[in-house]
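Asker: Just so it is clear, I am handing over run_16.pdb, which has PDB, C-alpha atoms, pLDDT in the B column.
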```pdb
ATOM      1  CA  MET A 257      25.035   8.045 -20.610  1.00 90.00           C
ATOM      2  CA  THR A 258      22.782   5.108 -19.958  1.00 92.00           C
ATOM      3  CA  SER A 259      22.524   1.821 -21.793  1.00 90.00           C
ATOM      4  CA  GLY A 260      21.277   2.359 -25.351  1.00 82.00           C
ATOM      5  CA  ASP A 261      22.351   6.018 -25.564  1.00 86.00           C
ATOM      6  CA  THR A 262      24.348   7.263 -28.543  1.00 87.00           C
ATOM      7  CA  VAL A 263      26.321  10.479 -28.981  1.00 91.00           C
ATOM      8  CA  LEU A 264      26.784  11.683 -32.563  1.00 92.00           C
ATOM      9  CA  MET A 265      29.364  14.309 -33.517  1.00 95.00           C
ATOM     10  CA  THR A 266      29.606  15.475 -37.100  1.00 95.00           C
ATOM     11  CA  THR A 267      31.032  18.253 -39.199  1.00 95.00           C
ATOM     12  CA  ASP A 268      28.743  20.598 -41.115  1.00 94.00           C
ATOM     13  CA  GLY A 269      29.383  18.606 -44.308  1.00 94.00           C
ATOM     14  CA  VAL A 270      26.491  16.340 -43.354  1.00 95.00           C
ATOM     15  CA  ILE A 271      23.812  19.015 -43.002  1.00 95.00           C
ATOM     16  CA  ASP A 272      25.264  21.140 -45.821  1.00 95.00           C
ATOM     17  CA  CYS A 273      25.283  18.376 -48.462  1.00 95.00           C
ATOM     18  CA  ARG A 274      22.792  18.876 -51.292  1.00 95.00           C
ATOM     19  CA  ASP A 275      20.607  16.718 -53.479  1.00 95.00           C
ATOM     20  CA  LYS A 276      20.460  16.998 -57.277  1.00 93.00           C
ATOM     21  CA  ASP A 277      17.951  19.879 -56.962  1.00 95.00           C
ATOM     22  CA  GLY A 278      20.188  21.865 -54.615  1.00 94.00           C
ATOM     23  CA  ASN A 279      18.212  21.169 -51.438  1.00 96.00           C
ATOM     24  CA  GLN A 280      20.286  20.810 -48.273  1.00 95.00           C
ATOM     25  CA  PHE A 281      20.128  17.708 -46.091  1.00 97.00           C
ATOM     26  CA  GLY A 282      19.701  20.150 -43.231  1.00 95.00           C
ATOM     27  CA  LEU A 283      19.160  19.818 -39.524  1.00 96.00           C
ATOM     28  CA  GLY A 284      15.559  18.640 -39.914  1.00 96.00           C
ATOM     29  CA  LYS A 285      16.549  15.633 -42.010  1.00 96.00           C
ATOM     30  CA  LEU A 286      19.381  14.849 -39.598  1.00 96.00           C
ATOM     31  CA  VAL A 287      16.921  14.847 -36.684  1.00 96.00           C
ATOM     32  CA  LYS A 288      14.612  12.485 -38.621  1.00 96.00           C
ATOM     33  CA  THR A 289      17.561  10.150 -39.195  1.00 95.00           C
ATOM     34  CA  LEU A 290      18.409  10.216 -35.475  1.00 92.00           C
ATOM     35  CA  GLN A 291      14.804   9.343 -34.637  1.00 94.00           C
ATOM     36  CA  LYS A 292      14.674   6.243 -36.844  1.00 94.00           C
ATOM     37  CA  GLU A 293      13.778   3.100 -34.969  1.00 91.00           C
ATOM     38  CA  ASP A 294      16.970   1.283 -36.008  1.00 89.00           C
ATOM     39  CA  PHE A 295      19.360   4.237 -35.478  1.00 89.00           C
ATOM     40  CA  ASN A 296      20.797   3.006 -32.164  1.00 84.00           C
ATOM     41  CA  ASP A 297      21.416  -0.463 -33.617  1.00 86.00           C
ATOM     42  CA  SER A 298      23.904   0.926 -36.135  1.00 89.00           C
ATOM     43  CA  PRO A 299      24.110   4.742 -35.994  1.00 90.00           C
ATOM     44  CA  LEU A 300      26.910   5.230 -38.488  1.00 92.00           C
ATOM     45  CA  SER A 301      25.354   2.873 -41.047  1.00 94.00           C
ATOM     46  CA  VAL A 302      21.913   4.493 -40.793  1.00 95.00           C
ATOM     47  CA  LEU A 303      23.319   8.022 -41.135  1.00 95.00           C
ATOM     48  CA  LYS A 304      25.609   7.040 -43.993  1.00 94.00           C
ATOM     49  CA  GLU A 305      22.770   5.370 -45.893  1.00 95.00           C
ATOM     50  CA  ASP A 306      20.456   8.377 -45.502  1.00 96.00           C
ATOM     51  CA  VAL A 307      23.102  10.897 -46.559  1.00 96.00           C
ATOM     52  CA  MET A 308      24.404   8.837 -49.487  1.00 95.00           C
ATOM     53  CA  ASN A 309      20.874   8.241 -50.782  1.00 95.00           C
ATOM     54  CA  PHE A 310      20.067  11.932 -50.407  1.00 96.00           C
ATOM     55  CA  ASN A 311      23.056  13.347 -52.271  1.00 95.00           C
ATOM     56  CA  GLN A 312      23.805  10.477 -54.664  1.00 92.00           C
ATOM     57  CA  GLU A 313      27.249  10.119 -53.018  1.00 89.00           C
ATOM     58  CA  LYS A 314      28.430  13.576 -54.176  1.00 88.00           C
ATOM     59  CA  PHE A 315      29.967  15.852 -51.553  1.00 87.00           C
ATOM     60  CA  ASP A 316      31.097  19.471 -51.847  1.00 86.00           C
ATOM     61  CA  ASP A 317      32.535  19.568 -48.322  1.00 90.00           C
ATOM     62  CA  ASP A 318      34.402  17.235 -46.012  1.00 92.00           C
ATOM     63  CA  VAL A 319      32.327  14.947 -43.807  1.00 93.00           C
ATOM     64  CA  SER A 320      33.460  13.525 -40.486  1.00 94.00           C
ATOM     65  CA  VAL A 321      31.280  11.562 -38.102  1.00 94.00           C
ATOM     66  CA  ILE A 322      32.055  10.140 -34.678  1.00 94.00           C
ATOM     67  CA  THR A 323      29.567   7.976 -32.813  1.00 91.00           C
ATOM     68  CA  ILE A 324      29.843   6.839 -29.207  1.00 91.00           C
ATOM     69  CA  SER A 325      27.349   4.268 -27.965  1.00 87.00           C
ATOM     70  CA  LYS A 326      26.812   2.707 -24.575  1.00 87.00           C
ATOM     71  CA  ASN A 327      25.548  -0.852 -24.521  1.00 81.00           C
TER      72      ASN A 327
END
```
Could you write out this structure as structure tokens?

Answerer:
Amino acid sequence: MTSGDTVLMTTDGVIDCRDKDGNQFGLGKLVKTLQKEDFNDSPLSVLKEDVMNFNQEKFDDDVSVITISKN
């Protein structure tokens, strides 16, 4: 890892969560979240905000996230 790199590990509960219409967050939306300009500033906060906004804070599965960042 070099300065500014972040490793994200998550369970499938993130990509499997659904919005009110039954659409999955999915891998594509996760990749878009990872590509956000401010992601490396606060990876957990950015991911949490995107997921919680997407599924209105309703989960059908467990969600675990680990982030490791190098400054």

Asker: For each of A:Val319, A:Met308, A:Leu290, A:Leu283, take the minimum atom-to-atom distance to Leu264 of chain A, counting only C-alpha atoms, then give the residue where this is smallest.

Answerer: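 Ranking A:Val319, A:Met308, A:Leu290, A:Leu283 by distance to Leu264 of chain A, first place goes to A:Leu290.
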
Asker: With only C-alpha atoms as the basis for distance, which of A:Ser325, A:Lys288, A:Ser320, A:Cys273 is at the shortest distance from Val307 of chain A?

Answerer: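 Residue with the minimum atom-to-atom distance to Val307 of chain A: A:Cys273.
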
Asker: Which is closest to Thr262 of chain A among A:Lys276, A:Lys304, A:Lys314, A:Lys326, if we use all atoms listed in the file?

Answerer: A:Lys326

Asker: Separation of atom CA of Leu300 of chain A and atom CA of Asn279 of chain A, in Å?

Answerer: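 For atom CA of Leu300 of chain A relative to atom CA of Asn279 of chain A, the distance reads 22.3 Å.
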
Asker: Return the single residue from A:Gly269, A:Pro299, A:Gly282, A:Gly260 that is closest to Asp316 of chain A, with distances computed using only C-alpha atoms.

Answerer: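 Of all the options, A:Gly269 lies closest to Asp316 of chain A.
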
Asker: Quick check, in Å to one decimal: how far apart do atom CA of Ser301 of chain A and atom CA of Ser259 of chain A lie?

Answerer: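 Result for atom CA of Ser301 of chain A versus atom CA of Ser259 of chain A: 19.5 Å, one decimal.
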
Asker: Counting all atoms listed in the file, what is within 12 Å of Gln291 of chain A, bar same-chain residues fewer than 5 positions away, as a list in words?

Answerer: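 Result of the neighbour search: Thr262, Gly284, Lys285, Leu286, Asn296, Asp297, Pro299, Val302 and Leu303 of chain A.
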
Asker: Next, write the just-selected residues to a file, as a PDB file, in the frame of the given file, keeping C-alpha atoms as the atom set.

Answerer:
```
ATOM      1  CA  THR A 262      24.348   7.263 -28.543  1.00 87.00           C
ATOM      2  CA  GLY A 284      15.559  18.640 -39.914  1.00 96.00           C
ATOM      3  CA  LYS A 285      16.549  15.633 -42.010  1.00 96.00           C
ATOM      4  CA  LEU A 286      19.381  14.849 -39.598  1.00 96.00           C
ATOM      5  CA  ASN A 296      20.797   3.006 -32.164  1.00 84.00           C
ATOM      6  CA  ASP A 297      21.416  -0.463 -33.617  1.00 86.00           C
ATOM      7  CA  PRO A 299      24.110   4.742 -35.994  1.00 90.00           C
ATOM      8  CA  VAL A 302      21.913   4.493 -40.793  1.00 95.00           C
ATOM      9  CA  LEU A 303      23.319   8.022 -41.135  1.00 95.00           C
TER      10      LEU A 303
END
```

Asker: What is the distance between atom CA of Glu313 of chain A and atom CA of Phe281 of chain A, in Å to one decimal?

Answerer: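 So the answer is 12.5 Å.
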
Asker: Tell me which of A:Thr289, A:Ser298, A:Thr258, A:Gln280 sits closest to Thr323 of chain A, counting all atoms listed in the file.

Answerer: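 With all atoms listed in the file as the atom set, the closest residue is A:Ser298.
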
Asker: On this file, the PyMOL selection byres ((chain A and resi 267) around 9) gives some set of residues; write that set as a list in words.

Answerer: Met265, Thr266, Asp268, Gly269, Val270, Ile271, Asp318, Val319, Ser320 and Val321 of chain A

Asker: Kindly provide, as lines of an AutoDock Vina configuration file, the centre and edge lengths (Å, one decimal) of an axis-aligned box around all atoms of segment 276-288 of chain A given in the file, with 3 Å on each side.

Answerer:
```
center_x = 17.5
center_y = 17.2
center_z = -47.0
size_x = 11.8
size_y = 15.4
size_z = 26.6
```
